[in-house]
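Worksheet for the structure shown next.
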Amino acid sequence: MVRPRLIPAARAEQVRRELSSRELAVLQVLQRIRLASLRQLQRLAVVDGLPRVRTRRAQLLMTKLTRIGVVTRFSRRIGGVRAGSSGYIYGLSELGYAVLAADGSGASTRRRQVWEAKPYFQDHMLAVTELYVQLVEQHRLGRGDLLAYDAEPASWRHFTGSGGELVQVKPDAFVAIGRAAIEHSSFVEVDLSTETLPTIQKKSQRYVDYWRSGVEQQWHGVFPKVVWLVETEHRRERIAGVIGKLALDAQALFDVGLLDDGPQLLRGTDQGVAA
């Protein structure tokens with residue numbers, strides 16, 4: 001494991017002063033979501049102008065941030081070589097983390113490793129990022145206020161198991177959306193069919209155990225829905241079958257839907273079980 005480089009505070013502060021508000025916003029996005037394609041960053045940070053103009057601006061923006069060294073551009077391209085620079089994917093560099101820490105706010109800038117050599121990790125992270133991008137776009141269109149979005153590890157929860165051991169639940173994201181004066185909160189699990197059904201069962205049971213512990217309800221007054229988002233109808237049916245084998249009173253904790261329907265499902269989900 002490569003140890004993080006120590007970035008001098010003066011260097012980080014100097015770089016921060018040279019960045020525009022849009023450039024800093026891109027760093028903050030990458031800190032939150034960990035990995036993003038150029039097109040995803042364009043949809044988040046470059047929303048003015050014609051489509052071709054937005055693409056060019058995003059390309060120039062990310063080329064500059066890569067050259068400065070605050071982001072890392074990975075060798076793999078989404079869509080292959082033909083995608084050109086629009087297919088690049090990006091993560092925050094050590095300097096980028098240091099630049100964000102230089103604002104003196106005390107906000108968390110915890111460094112998180114991005115696995116360049118493991119495409120299936122990248123695919124999963126990009127799928128989670130795509131959900132975030134769609135939720136932001138939904139928010140802009142007035143189709144639900146994005147009140148909170150916590151990616152890993154901020155979305156994780158822990159509780160004491162029946163044997164006194166520390167147990168963690170690790171959703172890919174925690175999402176809260178306001179719509180019609182109601183807040184809909186969800187733990188989101190993005191599934192790309194890489195895990196076995198017994199693993200899905202184990203994860204789901206862990207959420208049930210967390211619900212029964214009452215910890216989330218004590219702190220927040222409600223237990224969020226656990227929403228599994230999958231790629232195909234076949235996979236949706238398989239995971240729904242796993243949920244159907246849980247205790248009857250626990251099945252209402254879960255929803256299973258298609259990734260393409262994620263934003264609509266999350267803004268219309270019931271608040272959850274309060275006790």
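Letters A, B, ... mark the chains of the structure tokens in the order given; residue numbers begin at 1 per chain; ligand numbers begin at 1, in order shown.
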Would you pick out the contacts of range 10-23 of chain A at 6 Å or less, using only C-alpha atoms, so that residues sharing its chain but fewer than 3 positions from it are not included, and give the list as a short mmCIF file (atom, residue, chain, number, x, y, z; two decimals) with all heavy atoms, in the first residue's frame?
data_model
loop_
_atom_site.label_atom_id
_atom_site.label_comp_id
_atom_site.auth_asym_id
_atom_site.auth_seq_id
_atom_site.Cartn_x
_atom_site.Cartn_y
_atom_site.Cartn_z
N VAL A 26 -15.49 21.32 -8.58
CA VAL A 26 -15.18 20.00 -9.15
C VAL A 26 -14.43 19.15 -8.12
O VAL A 26 -14.72 17.96 -7.94
CB VAL A 26 -14.37 20.13 -10.44
CG1 VAL A 26 -13.82 18.77 -10.89
CG2 VAL A 26 -15.23 20.73 -11.55
N ALA A 98 -5.44 17.93 -0.14
CA ALA A 98 -4.76 18.96 0.65
C ALA A 98 -5.31 20.34 0.34
O ALA A 98 -5.45 21.18 1.24
CB ALA A 98 -3.26 18.91 0.38
N VAL A 99 -5.63 20.60 -0.92
CA VAL A 99 -6.20 21.90 -1.31
C VAL A 99 -7.54 22.11 -0.63
O VAL A 99 -7.84 23.20 -0.12
CB VAL A 99 -6.34 21.98 -2.84
CG1 VAL A 99 -7.24 23.14 -3.24
CG2 VAL A 99 -4.98 22.12 -3.50
N ALA A 102 -7.20 23.05 2.93
CA ALA A 102 -6.56 24.35 3.16
C ALA A 102 -7.55 25.48 3.39
O ALA A 102 -7.15 26.61 3.64
CB ALA A 102 -5.65 24.71 1.97
#
Per-residue nearest contacts of range 207-238 of chain A to range 154-177 of chain A (9 Å; only C-alpha atoms) as a Markdown table:
| residue | atom | partner | partner_atom | distance |
| --- | --- | --- | --- | --- |
| A:Tyr207 | CA | A:Val169 | CA | 6.6 |
| A:Asp209 | CA | A:Gly161 | CA | 7.9 |
| A:Tyr210 | CA | A:Phe159 | CA | 6.6 |
| A:Ser213 | CA | A:Phe159 | CA | 7.2 |
| A:Val215 | CA | A:Phe159 | CA | 7.0 |
| A:Glu216 | CA | A:Arg157 | CA | 8.4 |
| A:Pro224 | CA | A:Phe174 | CA | 8.6 |
| A:Val226 | CA | A:Pro171 | CA | 8.6 |
Would you mind reading off the distance between CA of Lys202 in chain A and CA of Ala247 in chain A, one decimal, in Å?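 Separating CA of Lys202 in chain A from CA of Ala247 in chain A is a distance of 13.2 Å.
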Point out the residue among A:Arg73, A:Arg267, A:His220, A:His124 with the least atom-to-atom distance to Ile89 in chain A, counting only C-alpha atoms. A:Arg73
Spatial neighbours of Asp123 in chain A, 10 Å, only C-alpha atoms, chain gap at least 4 places, as a VMD selection string: chain A and resid 35 78 118 to 119 127 to 129 192
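Comparing A:Ala101, A:Met125, A:Leu60, A:Ala180 by their smallest distance to Ser37 in chain A, the closest is A:Met125 (using only C-alpha atoms).
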Report as number ranges by chain: the residues of range 22-192 of chain A with a DSSP assignment of strand (DSSP E or B), based on the backbone of this structure. A: 36-37, 71-77, 88-92, 145-151, 157-160, 166-169, 173-179, 182-190
Would you please extract all alpha helix (DSSP H) residues from range 69-261 of chain A, as assigned by DSSP on the backbone, and give them as an MDAnalysis selection string? chainID A and resid 94:101 119:140 197:213 215:220 233:243
